[in-house]
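Participant: Dumping the structure here so I can ask a few things about it.
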Amino acid sequence: MTSLKDKTLFVSGGSRGIGLAIALRAARDGANVAIAAKTAEPQPKLKGTIYTAADEVRAAGGKALPVLCDIRDEAQVMAAIDKTVAEFGGIDICVNNASAISLTDSQATGMKRFDLMMDINTRGTFMVSKYCIPHLKKSDNPHILMLSPPLDMQTRWFEHSTAYTIAKFGMSMCVLGLSGELKAAGVAVNALWPRTTIATAAVGNLLGGDAMMRASRKPDILADAAHVIFTTPAREFTGQFCIDDKVLYASGVRDFESYRVDPSVPLMSDFFVPDNDVPPPGVAVMALPSVGEVQKPR
């Protein structure tokens with residue numbers, strides 16, 4: 001299998017950034033994509049809505065269904081999945097991309113923000129997966145993909161941002177559990193994470209501004225890596241915690257320069273990439289400043 005033509009993807013947080021990039025890569029094959037997100041009106045600091053994303057999917061060659069959906073709301077999630085099945089006849093791929101971030105320590109993390117991250121990252125991922133699973137079991141090559149990190153249990157990932165790390169690792173723990181639960185049914189469940197920072201609104205607005213954007217890769221690298229995963233036989237590849245460039249290197253990609261925002265600026269490592277994870281030959285990545293450094297006022 002090399003194409004996603006006529007396959008149906010349900011993408012949470014698909015109105016911009018990584019989720020939209022994954023949707024557009026599938027659309028170029030002629031896939032059907034449900035864009036499930038809660039942005040219906042343009043926002044000053046956040047480009048894109050479910051409607052502009054759907055237009056881009058159609059322009060890329062796919063079919064699109066924009067669905068207004070807050071993945072914290074069970075009724076909305078169930079309705080969004082039902083609409084997708086009614087529109088396209090089923091679901092082949094579930095992409096859990098929606099995420100909330102706050103790189104703050106315990107004293108600076110309000111409980112509303114804690115609840116938001118847990119509700120979107122961990123609970124939302126579990127719930128979207130839960131209600132997609134009955135439909136995925138009817139697909140001939142079903143995949144669930146979490147945009148979440150390897151479970152590298154080190155204090156340094158927790159000490160400056162305990163709440164965020166718990167919420168993101170919660171997504172990855174869903175991979176551990178669901179991959180085991182669904183293995184016999186032939187539903188693949190995997191995680192995908194970037195080696196470097198990715199040029200998204202979160203990086204530009206919350207982390208390092210323009211300087212870190214220039215030291216980042218484009219969302220396309222995750223979209224291409226996800227495509228490799230989705231076109232792999234589900235029964236042969238599950239329970240894996242993947243790093244984007246390693247997936248692509250294994251598939252035959254040798255030149256990663258086109259993914260860089262600014263080739264003149266050294267690449268910056270993303271959070272949660274284990275120290276012992278060796279990049280592909282020729283790829284050099286600078287160590288990311290600690291979360292404590294990122295938190296300092298600029």
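All residue names refer to the structure tokens as shown: chains lettered A, B, ... in order, residues numbered from 1 in each chain, ligands numbered from 1 in order.
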Can you pull out every residue within 12 Å of Tyr51 (chain A), counting only C-alpha atoms, but drop anything in the same chain fewer than 6 positions away, and send it as number ranges by chain?
Facilitator: A: 14-16, 20, 34-42, 57-58, 64-68
Participant: Could the residues in this selection be saved with N, CA and C atoms as a compact mmCIF listing (two decimals), in the first residue's frame?
Facilitator:
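Writing done, so here's result.txt:
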```txt
# COMPACT_ATOMS: atom_id res chain seq x y z
N GLY A 14 -7.19 19.69 13.44
CA GLY A 14 -6.71 19.68 12.07
C GLY A 14 -6.81 21.00 11.33
N SER A 15 -7.14 22.08 12.02
CA SER A 15 -7.35 23.34 11.33
C SER A 15 -6.06 24.10 11.01
N ARG A 16 -4.95 23.67 11.59
CA ARG A 16 -3.68 24.37 11.34
C ARG A 16 -2.51 23.47 11.72
N LEU A 20 -3.06 19.94 10.14
CA LEU A 20 -3.40 20.34 8.77
C LEU A 20 -2.39 19.76 7.78
N ALA A 34 -11.81 14.40 7.67
CA ALA A 34 -12.66 15.15 8.59
C ALA A 34 -11.76 16.04 9.44
N ILE A 35 -11.94 17.34 9.33
CA ILE A 35 -11.19 18.32 10.10
C ILE A 35 -11.99 18.62 11.36
N ALA A 36 -11.61 18.03 12.47
CA ALA A 36 -12.34 18.20 13.73
C ALA A 36 -11.57 19.14 14.64
N ALA A 37 -12.08 20.34 14.81
CA ALA A 37 -11.41 21.34 15.64
C ALA A 37 -12.45 22.35 16.10
N LYS A 38 -12.04 23.23 17.02
CA LYS A 38 -13.02 24.16 17.59
C LYS A 38 -12.86 25.60 17.08
N THR A 39 -12.01 25.80 16.08
CA THR A 39 -11.84 27.15 15.53
C THR A 39 -12.71 27.33 14.30
N ALA A 40 -13.77 28.10 14.46
CA ALA A 40 -14.67 28.38 13.33
C ALA A 40 -14.47 29.80 12.81
N GLU A 41 -13.93 30.68 13.66
CA GLU A 41 -13.68 32.06 13.28
C GLU A 41 -12.19 32.36 13.38
N PRO A 42 -11.64 33.16 12.45
CA PRO A 42 -10.21 33.49 12.51
C PRO A 42 -9.85 34.17 13.82
N VAL A 57 -7.72 21.29 1.89
CA VAL A 57 -7.78 19.84 1.63
C VAL A 57 -8.37 19.60 0.24
N ARG A 58 -9.45 20.29 -0.07
CA ARG A 58 -10.08 20.12 -1.39
C ARG A 58 -9.16 20.58 -2.51
N ALA A 64 -13.24 16.89 1.89
CA ALA A 64 -13.12 17.42 3.25
C ALA A 64 -14.47 17.57 3.92
N LEU A 65 -14.46 17.36 5.23
CA LEU A 65 -15.63 17.60 6.07
C LEU A 65 -15.19 18.42 7.27
N PRO A 66 -15.49 19.73 7.28
CA PRO A 66 -15.17 20.53 8.46
C PRO A 66 -16.18 20.26 9.56
N VAL A 67 -15.70 19.90 10.75
CA VAL A 67 -16.59 19.56 11.85
C VAL A 67 -16.18 20.38 13.08
N LEU A 68 -17.09 21.23 13.54
CA LEU A 68 -16.83 22.00 14.75
C LEU A 68 -16.90 21.05 15.95
```
Participant: Mind checking which residues fall within 6 Å of region 124-131 of chain A, counting only C-alpha atoms, ignoring those fewer than 2 positions away in the same chain, and posting them as a ChimeraX atom specification?
Facilitator: /A:71-72,96,119-122,133
Participant: Quick check, in Å to one decimal: how far apart do CA of Ala211 (chain A) and CA of Leu46 (chain A) lie?
Facilitator: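 These atoms are spaced 18.4 Å apart.
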Participant: Using only C-alpha atoms, which of the listed residues (A:Val33, A:Ala234, A:Leu136, A:Met212) sits closest to Asp270 (chain A)?
Facilitator: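 Smallest distance to Asp270 (chain A) is found for A:Met212.
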Participant: When you look at Arg28 (chain A) with a cut-off of 8 Å (counting only C-alpha atoms), what residues show up, excluding the ones that are within fewer than 6 positions of it in the same chain? I need them as a VMD selection string.
Facilitator: chain A and resid 60 to 62
Participant: Kindly save the residues from that selection, with N, CA and C atoms included, as a PDB file, in the first residue's frame.
Facilitator:
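Output file part-v8.pdb follows:
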```
ATOM      1  N   ALA A  60      -6.020  20.462  -2.503  1.00  0.00           N
ATOM      2  CA  ALA A  60      -4.915  19.503  -2.617  1.00  0.00           C
ATOM      3  C   ALA A  60      -5.342  18.204  -3.288  1.00  0.00           C
ATOM      4  N   GLY A  61      -6.651  18.027  -3.502  1.00  0.00           N
ATOM      5  CA  GLY A  61      -7.116  16.839  -4.202  1.00  0.00           C
ATOM      6  C   GLY A  61      -7.938  15.882  -3.376  1.00  0.00           C
ATOM      7  N   GLY A  62      -8.237  16.246  -2.134  1.00  0.00           N
ATOM      8  CA  GLY A  62      -9.022  15.366  -1.277  1.00  0.00           C
ATOM      9  C   GLY A  62     -10.440  15.850  -1.088  1.00  0.00           C
TER      10      GLY A  62
END
```
Participant: If we count only C-alpha atoms and set the cut-off at 9 Å, which residues sit around Ile93 (chain A), ignoring sequence neighbours fewer than 4 positions away in its own chain? Please answer as a ChimeraX atom specification.
Facilitator: /A:7-11,132,136,139,141-145,230
Participant: Find the residues around region 186-191 of chain A up to 8 Å (only C-alpha atoms counted), leave out those fewer than 4 positions away in its own chain, and share them as a PyMOL selection string.
Facilitator: chain A and resi 136-137+141-150+172+175+178-179+182+234-235+237-242
Participant: As a compact mmCIF listing (two decimals) with all heavy atoms, in the first residue's frame, please: every residue in region 42-133 of chain A that a backbone DSSP assignment puts in helix (DSSP H, G or I).
Facilitator:
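The new file part-v4.txt reads:
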```
# COMPACT_ATOMS: atom_id res chain seq x y z
N ILE A 50 -11.60 25.59 10.67
CA ILE A 50 -11.97 24.30 10.07
C ILE A 50 -12.39 24.49 8.62
O ILE A 50 -12.20 23.59 7.79
CB ILE A 50 -13.10 23.61 10.87
CG1 ILE A 50 -14.33 24.51 11.02
CG2 ILE A 50 -12.59 23.17 12.24
CD1 ILE A 50 -15.53 23.80 11.65
N TYR A 51 -12.90 25.67 8.30
CA TYR A 51 -13.38 25.92 6.94
C TYR A 51 -12.24 26.23 5.98
O TYR A 51 -12.23 25.74 4.84
CB TYR A 51 -14.41 27.05 6.95
CG TYR A 51 -15.55 26.76 7.90
CD1 TYR A 51 -15.71 27.51 9.06
CD2 TYR A 51 -16.44 25.72 7.66
CE1 TYR A 51 -16.74 27.24 9.96
CE2 TYR A 51 -17.46 25.44 8.55
CZ TYR A 51 -17.61 26.19 9.70
OH TYR A 51 -18.62 25.91 10.59
N THR A 52 -11.27 27.03 6.41
CA THR A 52 -10.11 27.28 5.54
C THR A 52 -9.30 26.01 5.36
O THR A 52 -8.76 25.75 4.27
CB THR A 52 -9.22 28.40 6.10
OG1 THR A 52 -8.73 28.03 7.40
CG2 THR A 52 -9.98 29.71 6.22
N ALA A 53 -9.20 25.19 6.42
CA ALA A 53 -8.47 23.92 6.32
C ALA A 53 -9.17 22.99 5.32
O ALA A 53 -8.52 22.34 4.49
CB ALA A 53 -8.38 23.25 7.68
N ALA A 54 -10.50 22.95 5.38
CA ALA A 54 -11.25 22.11 4.45
C ALA A 54 -11.04 22.57 3.01
O ALA A 54 -10.89 21.75 2.09
CB ALA A 54 -12.74 22.14 4.80
N ASP A 55 -11.00 23.88 2.80
CA ASP A 55 -10.74 24.42 1.46
C ASP A 55 -9.37 23.97 0.96
O ASP A 55 -9.21 23.62 -0.22
CB ASP A 55 -10.82 25.94 1.47
CG ASP A 55 -12.24 26.46 1.61
OD1 ASP A 55 -13.19 25.68 1.36
OD2 ASP A 55 -12.40 27.64 1.98
N GLU A 56 -8.38 24.00 1.85
CA GLU A 56 -7.03 23.57 1.46
C GLU A 56 -6.98 22.08 1.13
O GLU A 56 -6.29 21.66 0.20
CB GLU A 56 -6.03 23.90 2.57
CG GLU A 56 -5.75 25.38 2.75
CD GLU A 56 -4.63 25.62 3.75
OE1 GLU A 56 -3.53 25.08 3.55
OE2 GLU A 56 -4.86 26.35 4.74
N VAL A 57 -7.72 21.29 1.89
CA VAL A 57 -7.78 19.84 1.63
C VAL A 57 -8.37 19.60 0.24
O VAL A 57 -7.86 18.79 -0.55
CB VAL A 57 -8.59 19.12 2.72
CG1 VAL A 57 -8.96 17.70 2.27
CG2 VAL A 57 -7.81 19.07 4.01
N ARG A 58 -9.45 20.29 -0.07
CA ARG A 58 -10.08 20.12 -1.39
C ARG A 58 -9.16 20.58 -2.51
O ARG A 58 -9.07 19.92 -3.56
CB ARG A 58 -11.40 20.89 -1.43
CG ARG A 58 -12.45 20.36 -0.44
CD ARG A 58 -13.76 21.12 -0.56
NE ARG A 58 -14.68 20.75 0.51
CZ ARG A 58 -15.04 21.55 1.51
NH1 ARG A 58 -14.58 22.81 1.55
NH2 ARG A 58 -15.87 21.13 2.45
N ALA A 59 -8.46 21.69 -2.29
CA ALA A 59 -7.54 22.20 -3.30
C ALA A 59 -6.38 21.24 -3.54
O ALA A 59 -5.82 21.18 -4.64
CB ALA A 59 -7.01 23.57 -2.88
N ALA A 60 -6.02 20.46 -2.50
CA ALA A 60 -4.91 19.50 -2.62
C ALA A 60 -5.34 18.20 -3.29
O ALA A 60 -4.50 17.35 -3.59
CB ALA A 60 -4.34 19.21 -1.24
N GLU A 74 -17.88 15.08 25.21
CA GLU A 74 -18.17 13.73 24.72
C GLU A 74 -19.23 13.73 23.63
O GLU A 74 -19.10 13.05 22.61
CB GLU A 74 -18.59 12.83 25.88
CG GLU A 74 -18.81 11.38 25.48
CD GLU A 74 -19.16 10.49 26.65
OE1 GLU A 74 -19.56 11.02 27.71
OE2 GLU A 74 -19.03 9.25 26.52
N ALA A 75 -20.29 14.50 23.84
CA ALA A 75 -21.38 14.52 22.85
C ALA A 75 -20.89 15.07 21.52
O ALA A 75 -21.27 14.57 20.44
CB ALA A 75 -22.54 15.36 23.37
N GLN A 76 -20.02 16.10 21.56
CA GLN A 76 -19.49 16.67 20.32
C GLN A 76 -18.58 15.68 19.60
O GLN A 76 -18.58 15.59 18.38
CB GLN A 76 -18.75 17.97 20.61
CG GLN A 76 -19.64 19.13 20.99
CD GLN A 76 -18.89 20.46 21.07
OE1 GLN A 76 -17.98 20.71 20.30
NE2 GLN A 76 -19.28 21.30 22.02
N VAL A 77 -17.78 14.96 20.35
CA VAL A 77 -16.88 13.96 19.75
C VAL A 77 -17.70 12.86 19.07
O VAL A 77 -17.44 12.49 17.92
CB VAL A 77 -15.94 13.36 20.81
CG1 VAL A 77 -15.21 12.13 20.25
CG2 VAL A 77 -14.92 14.41 21.26
N MET A 78 -18.69 12.35 19.77
CA MET A 78 -19.53 11.30 19.19
C MET A 78 -20.25 11.79 17.94
O MET A 78 -20.31 11.08 16.93
CB MET A 78 -20.54 10.82 20.24
CG MET A 78 -19.90 10.13 21.43
SD MET A 78 -21.08 9.77 22.76
CE MET A 78 -22.04 8.45 21.99
N ALA A 79 -20.75 13.03 17.99
CA ALA A 79 -21.44 13.59 16.84
C ALA A 79 -20.50 13.79 15.66
O ALA A 79 -20.86 13.54 14.50
CB ALA A 79 -22.11 14.91 17.22
N ALA A 80 -19.29 14.25 15.94
CA ALA A 80 -18.31 14.48 14.87
C ALA A 80 -17.94 13.18 14.17
O ALA A 80 -17.81 13.13 12.94
CB ALA A 80 -17.06 15.14 15.45
N ILE A 81 -17.76 12.13 14.95
CA ILE A 81 -17.42 10.83 14.37
C ILE A 81 -18.61 10.28 13.57
O ILE A 81 -18.43 9.75 12.47
CB ILE A 81 -16.98 9.86 15.48
CG1 ILE A 81 -15.60 10.31 16.02
CG2 ILE A 81 -16.91 8.42 14.97
CD1 ILE A 81 -15.16 9.60 17.27
N ASP A 82 -19.81 10.44 14.11
CA ASP A 82 -21.01 10.00 13.38
C ASP A 82 -21.15 10.74 12.05
O ASP A 82 -21.51 10.14 11.02
CB ASP A 82 -22.26 10.22 14.23
CG ASP A 82 -22.37 9.23 15.38
OD1 ASP A 82 -21.64 8.21 15.37
OD2 ASP A 82 -23.19 9.48 16.30
N LYS A 83 -20.88 12.05 12.05
CA LYS A 83 -20.96 12.84 10.81
C LYS A 83 -19.93 12.35 9.79
O LYS A 83 -20.22 12.28 8.59
CB LYS A 83 -20.72 14.32 11.11
CG LYS A 83 -21.87 15.02 11.82
CD LYS A 83 -21.51 16.47 12.11
CE LYS A 83 -22.61 17.17 12.91
NZ LYS A 83 -22.23 18.56 13.27
N THR A 84 -18.75 12.03 10.28
CA THR A 84 -17.68 11.54 9.38
C THR A 84 -18.09 10.23 8.73
O THR A 84 -17.93 10.05 7.51
CB THR A 84 -16.37 11.35 10.17
OG1 THR A 84 -16.00 12.59 10.78
CG2 THR A 84 -15.25 10.88 9.27
N VAL A 85 -18.62 9.32 9.52
CA VAL A 85 -19.05 8.02 8.99
C VAL A 85 -20.22 8.19 8.02
O VAL A 85 -20.27 7.54 6.96
CB VAL A 85 -19.42 7.07 10.14
CG1 VAL A 85 -20.01 5.77 9.61
CG2 VAL A 85 -18.18 6.77 10.99
N ALA A 86 -21.13 9.08 8.35
CA ALA A 86 -22.27 9.32 7.46
C ALA A 86 -21.82 9.92 6.13
O ALA A 86 -22.36 9.60 5.06
CB ALA A 86 -23.26 10.26 8.14
N GLU A 87 -20.81 10.79 6.19
CA GLU A 87 -20.32 11.47 4.99
C GLU A 87 -19.48 10.56 4.10
O GLU A 87 -19.62 10.55 2.87
CB GLU A 87 -19.51 12.70 5.39
CG GLU A 87 -18.92 13.48 4.23
CD GLU A 87 -19.95 14.34 3.52
OE1 GLU A 87 -21.06 14.52 4.05
OE2 GLU A 87 -19.63 14.83 2.42
N PHE A 88 -18.58 9.78 4.74
CA PHE A 88 -17.59 9.02 3.97
C PHE A 88 -17.73 7.51 4.06
O PHE A 88 -17.00 6.78 3.40
CB PHE A 88 -16.18 9.43 4.41
CG PHE A 88 -15.86 10.88 4.19
CD1 PHE A 88 -15.43 11.68 5.25
CD2 PHE A 88 -15.98 11.46 2.94
CE1 PHE A 88 -15.12 13.02 5.07
CE2 PHE A 88 -15.67 12.80 2.73
CZ PHE A 88 -15.25 13.58 3.80
N SER A 106 4.68 23.99 39.08
CA SER A 106 3.46 23.75 39.87
C SER A 106 2.83 25.05 40.37
O SER A 106 1.60 25.19 40.37
CB SER A 106 3.77 22.83 41.06
OG SER A 106 4.66 23.47 41.97
N GLN A 107 3.65 26.00 40.78
CA GLN A 107 3.12 27.24 41.36
C GLN A 107 2.56 28.18 40.31
O GLN A 107 1.72 29.03 40.62
CB GLN A 107 4.20 27.94 42.18
CG GLN A 107 4.76 27.09 43.32
CD GLN A 107 3.66 26.52 44.19
OE1 GLN A 107 2.97 27.26 44.87
NE2 GLN A 107 3.46 25.21 44.15
N ALA A 108 3.01 28.03 39.09
CA ALA A 108 2.55 28.92 38.02
C ALA A 108 1.46 28.28 37.15
O ALA A 108 0.98 28.92 36.21
CB ALA A 108 3.73 29.34 37.14
N MET A 111 -5.18 25.63 38.12
CA MET A 111 -5.87 24.36 37.98
C MET A 111 -6.77 24.31 36.75
O MET A 111 -6.99 23.24 36.18
CB MET A 111 -6.67 24.04 39.25
CG MET A 111 -5.78 23.74 40.47
SD MET A 111 -4.38 22.60 40.13
CE MET A 111 -5.26 21.12 39.62
N LYS A 112 -7.25 25.46 36.29
CA LYS A 112 -8.01 25.46 35.05
C LYS A 112 -7.11 25.07 33.87
O LYS A 112 -7.53 24.35 32.97
CB LYS A 112 -8.64 26.84 34.80
CG LYS A 112 -9.86 27.13 35.67
CD LYS A 112 -10.53 28.43 35.26
CE LYS A 112 -11.79 28.68 36.09
NZ LYS A 112 -12.45 29.95 35.71
N ARG A 113 -5.88 25.57 33.90
CA ARG A 113 -4.93 25.22 32.85
C ARG A 113 -4.54 23.75 32.96
O ARG A 113 -4.40 23.05 31.94
CB ARG A 113 -3.68 26.12 32.95
CG ARG A 113 -2.58 25.80 31.96
CD ARG A 113 -3.01 25.93 30.53
NE ARG A 113 -3.48 27.26 30.18
CZ ARG A 113 -3.75 27.65 28.94
NH1 ARG A 113 -3.60 26.82 27.93
NH2 ARG A 113 -4.19 28.88 28.72
N PHE A 114 -4.37 23.25 34.18
CA PHE A 114 -4.08 21.82 34.39
C PHE A 114 -5.22 20.98 33.79
O PHE A 114 -4.98 20.03 33.04
CB PHE A 114 -3.94 21.53 35.89
CG PHE A 114 -3.65 20.08 36.20
CD1 PHE A 114 -2.35 19.64 36.38
CD2 PHE A 114 -4.69 19.16 36.32
CE1 PHE A 114 -2.09 18.30 36.67
CE2 PHE A 114 -4.44 17.83 36.61
CZ PHE A 114 -3.14 17.40 36.78
N ASP A 115 -6.44 21.34 34.14
CA ASP A 115 -7.59 20.59 33.64
C ASP A 115 -7.68 20.65 32.12
O ASP A 115 -8.03 19.66 31.46
CB ASP A 115 -8.89 21.12 34.26
CG ASP A 115 -8.99 20.82 35.75
OD1 ASP A 115 -8.25 19.93 36.24
OD2 ASP A 115 -9.81 21.47 36.43
N LEU A 116 -7.39 21.82 31.55
CA LEU A 116 -7.44 21.98 30.10
C LEU A 116 -6.47 21.01 29.42
O LEU A 116 -6.84 20.31 28.46
CB LEU A 116 -7.09 23.41 29.71
CG LEU A 116 -7.05 23.70 28.21
CD1 LEU A 116 -8.46 23.71 27.63
CD2 LEU A 116 -6.36 25.04 27.94
N MET A 117 -5.23 20.95 29.91
CA MET A 117 -4.24 20.06 29.30
C MET A 117 -4.61 18.60 29.46
O MET A 117 -4.47 17.80 28.53
CB MET A 117 -2.85 20.35 29.88
CG MET A 117 -2.28 21.68 29.43
SD MET A 117 -0.55 21.93 29.88
CE MET A 117 -0.70 22.26 31.65
N MET A 118 -5.08 18.23 30.64
CA MET A 118 -5.49 16.84 30.85
C MET A 118 -6.71 16.50 29.99
O MET A 118 -6.79 15.41 29.41
CB MET A 118 -5.78 16.59 32.32
CG MET A 118 -4.56 16.63 33.21
SD MET A 118 -3.33 15.36 32.81
CE MET A 118 -4.24 13.87 33.23
N ASP A 119 -7.65 17.43 29.91
CA ASP A 119 -8.88 17.17 29.17
C ASP A 119 -8.64 17.04 27.67
O ASP A 119 -9.25 16.20 27.00
CB ASP A 119 -9.91 18.27 29.42
CG ASP A 119 -10.58 18.16 30.78
OD1 ASP A 119 -10.38 17.13 31.45
OD2 ASP A 119 -11.32 19.09 31.16
N ILE A 120 -7.77 17.88 27.13
CA ILE A 120 -7.50 17.84 25.69
C ILE A 120 -6.49 16.75 25.36
O ILE A 120 -6.73 15.90 24.49
CB ILE A 120 -7.01 19.21 25.18
CG1 ILE A 120 -8.14 20.23 25.27
CG2 ILE A 120 -6.51 19.10 23.74
CD1 ILE A 120 -7.75 21.64 24.88
N ASN A 121 -5.35 16.77 26.03
CA ASN A 121 -4.26 15.87 25.65
C ASN A 121 -4.57 14.41 25.99
O ASN A 121 -4.61 13.56 25.11
CB ASN A 121 -2.96 16.30 26.32
CG ASN A 121 -2.54 17.71 25.94
OD1 ASN A 121 -3.19 18.38 25.15
ND2 ASN A 121 -1.45 18.19 26.51
N THR A 122 -4.77 14.14 27.27
CA THR A 122 -4.95 12.74 27.69
C THR A 122 -6.38 12.25 27.50
O THR A 122 -6.63 11.27 26.80
CB THR A 122 -4.53 12.58 29.16
OG1 THR A 122 -3.15 12.97 29.29
CG2 THR A 122 -4.65 11.13 29.60
N ARG A 123 -7.33 12.95 28.12
CA ARG A 123 -8.73 12.49 28.04
C ARG A 123 -9.25 12.57 26.61
O ARG A 123 -9.95 11.67 26.13
CB ARG A 123 -9.60 13.32 28.97
CG ARG A 123 -11.06 12.87 29.03
CD ARG A 123 -11.84 13.71 30.06
NE ARG A 123 -13.23 13.29 30.16
CZ ARG A 123 -14.22 13.76 29.42
NH1 ARG A 123 -13.95 14.68 28.49
NH2 ARG A 123 -15.46 13.33 29.59
N GLY A 124 -8.94 13.67 25.91
CA GLY A 124 -9.41 13.82 24.55
C GLY A 124 -8.88 12.74 23.62
O GLY A 124 -9.61 12.21 22.78
N THR A 125 -7.60 12.43 23.76
CA THR A 125 -7.00 11.37 22.96
C THR A 125 -7.67 10.03 23.22
O THR A 125 -8.00 9.29 22.29
CB THR A 125 -5.50 11.28 23.27
OG1 THR A 125 -4.85 12.44 22.73
CG2 THR A 125 -4.86 10.04 22.66
N PHE A 126 -7.88 9.73 24.49
CA PHE A 126 -8.54 8.48 24.85
C PHE A 126 -9.95 8.44 24.27
O PHE A 126 -10.37 7.44 23.68
CB PHE A 126 -8.60 8.32 26.38
CG PHE A 126 -9.28 7.07 26.84
CD1 PHE A 126 -8.57 5.89 27.02
CD2 PHE A 126 -10.65 7.05 27.09
CE1 PHE A 126 -9.19 4.72 27.43
CE2 PHE A 126 -11.29 5.89 27.50
CZ PHE A 126 -10.55 4.72 27.67
N MET A 127 -10.68 9.54 24.41
CA MET A 127 -12.08 9.55 24.00
C MET A 127 -12.24 9.50 22.48
O MET A 127 -13.08 8.74 21.97
CB MET A 127 -12.78 10.79 24.57
CG MET A 127 -14.26 10.84 24.28
SD MET A 127 -15.17 11.94 25.39
CE MET A 127 -14.37 13.52 25.07
N VAL A 128 -11.46 10.27 21.75
CA VAL A 128 -11.54 10.23 20.29
C VAL A 128 -11.20 8.82 19.79
O VAL A 128 -11.89 8.26 18.93
CB VAL A 128 -10.62 11.28 19.65
CG1 VAL A 128 -10.50 11.06 18.15
CG2 VAL A 128 -11.12 12.69 19.93
N SER A 129 -10.15 8.24 20.37
CA SER A 129 -9.78 6.88 19.98
C SER A 129 -10.91 5.90 20.29
O SER A 129 -11.28 5.06 19.45
CB SER A 129 -8.51 6.44 20.71
OG SER A 129 -7.43 7.31 20.42
N LYS A 130 -11.45 6.01 21.50
CA LYS A 130 -12.52 5.10 21.94
C LYS A 130 -13.68 5.06 20.96
O LYS A 130 -14.16 3.98 20.58
CB LYS A 130 -13.02 5.55 23.32
CG LYS A 130 -14.29 4.86 23.82
CD LYS A 130 -14.75 5.46 25.14
CE LYS A 130 -16.11 4.93 25.56
NZ LYS A 130 -16.08 3.50 25.90
N TYR A 131 -14.12 6.23 20.52
CA TYR A 131 -15.31 6.26 19.66
C TYR A 131 -14.98 6.02 18.19
O TYR A 131 -15.89 5.71 17.40
CB TYR A 131 -16.06 7.57 19.87
CG TYR A 131 -16.76 7.60 21.21
CD1 TYR A 131 -16.42 8.54 22.18
CD2 TYR A 131 -17.73 6.65 21.52
CE1 TYR A 131 -17.05 8.55 23.43
CE2 TYR A 131 -18.36 6.65 22.76
CZ TYR A 131 -18.01 7.60 23.71
OH TYR A 131 -18.63 7.58 24.94
N CYS A 132 -13.70 6.11 17.81
CA CYS A 132 -13.30 5.74 16.44
C CYS A 132 -13.10 4.24 16.30
O CYS A 132 -13.26 3.68 15.20
CB CYS A 132 -12.01 6.46 16.05
SG CYS A 132 -12.21 8.17 15.51
N ILE A 133 -12.73 3.56 17.38
CA ILE A 133 -12.34 2.16 17.31
C ILE A 133 -13.38 1.24 16.65
O ILE A 133 -13.02 0.43 15.78
CB ILE A 133 -11.92 1.64 18.71
CG1 ILE A 133 -10.54 2.20 19.07
CG2 ILE A 133 -11.90 0.11 18.75
CD1 ILE A 133 -10.15 2.01 20.53
```
Participant: So that I can see what lies close to region 276-286 of chain A, please list as a PyMOL selection string the residues with an atom at most 9 Å from it, counting only C-alpha atoms and leaving out residues fewer than 6 positions away in the same chain.
Facilitator: chain A and resi 195-196+243+245-246+249+254-256+266-269
Participant: Give me, as a VMD selection string, the residues of region 39-149 of chain A that a backbone DSSP run labels strand (DSSP E or B).
Facilitator: chain A and resid 43 46 63 to 68 93 to 96 143 to 146
Participant: Could you state the separation of CA of Pro274 (chain A) and CA of Leu24 (chain A) in Å, given to one decimal place?
Facilitator: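 Value for the CA of Pro274 (chain A)-CA of Leu24 (chain A) distance: 29.2 Å.
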Participant: Quick check, in Å to one decimal: how far apart do CA of Asp105 (chain A) and CA of Asp152 (chain A) lie?
Facilitator: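 Calculated distance between CA of Asp105 (chain A) and CA of Asp152 (chain A) is 19.0 Å.
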Participant: Restricting the calculation to only C-alpha atoms: of A:Ser99, A:Thr109, A:Gln43, A:Thr49, which residue gets closest to Lys168 (chain A)?
Facilitator: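 Closest candidate: A:Ser99.
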Participant: Go through A:Phe272, A:Tyr259, A:Lys63, A:Leu192 and flag the residue nearest Ile166 (chain A), using only C-alpha atoms for the distances.
Facilitator: A:Phe272
Participant: With distances taken over only C-alpha atoms, which residue among A:Ile91, A:Met1, A:Leu248, A:Leu176 lies nearest Asn32 (chain A)?
Facilitator: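 Closest to Asn32 (chain A), using only C-alpha atoms: A:Ile91.
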Participant: Do you know which residues are at most 12 Å from Gly17 (chain A) counting only C-alpha atoms, after dropping those on the same chain fewer than 3 positions away, and could you put them as a PyMOL selection string?
Facilitator: chain A and resi 11-14+20-24+46-49+53+97-99+147+198-204+217-223
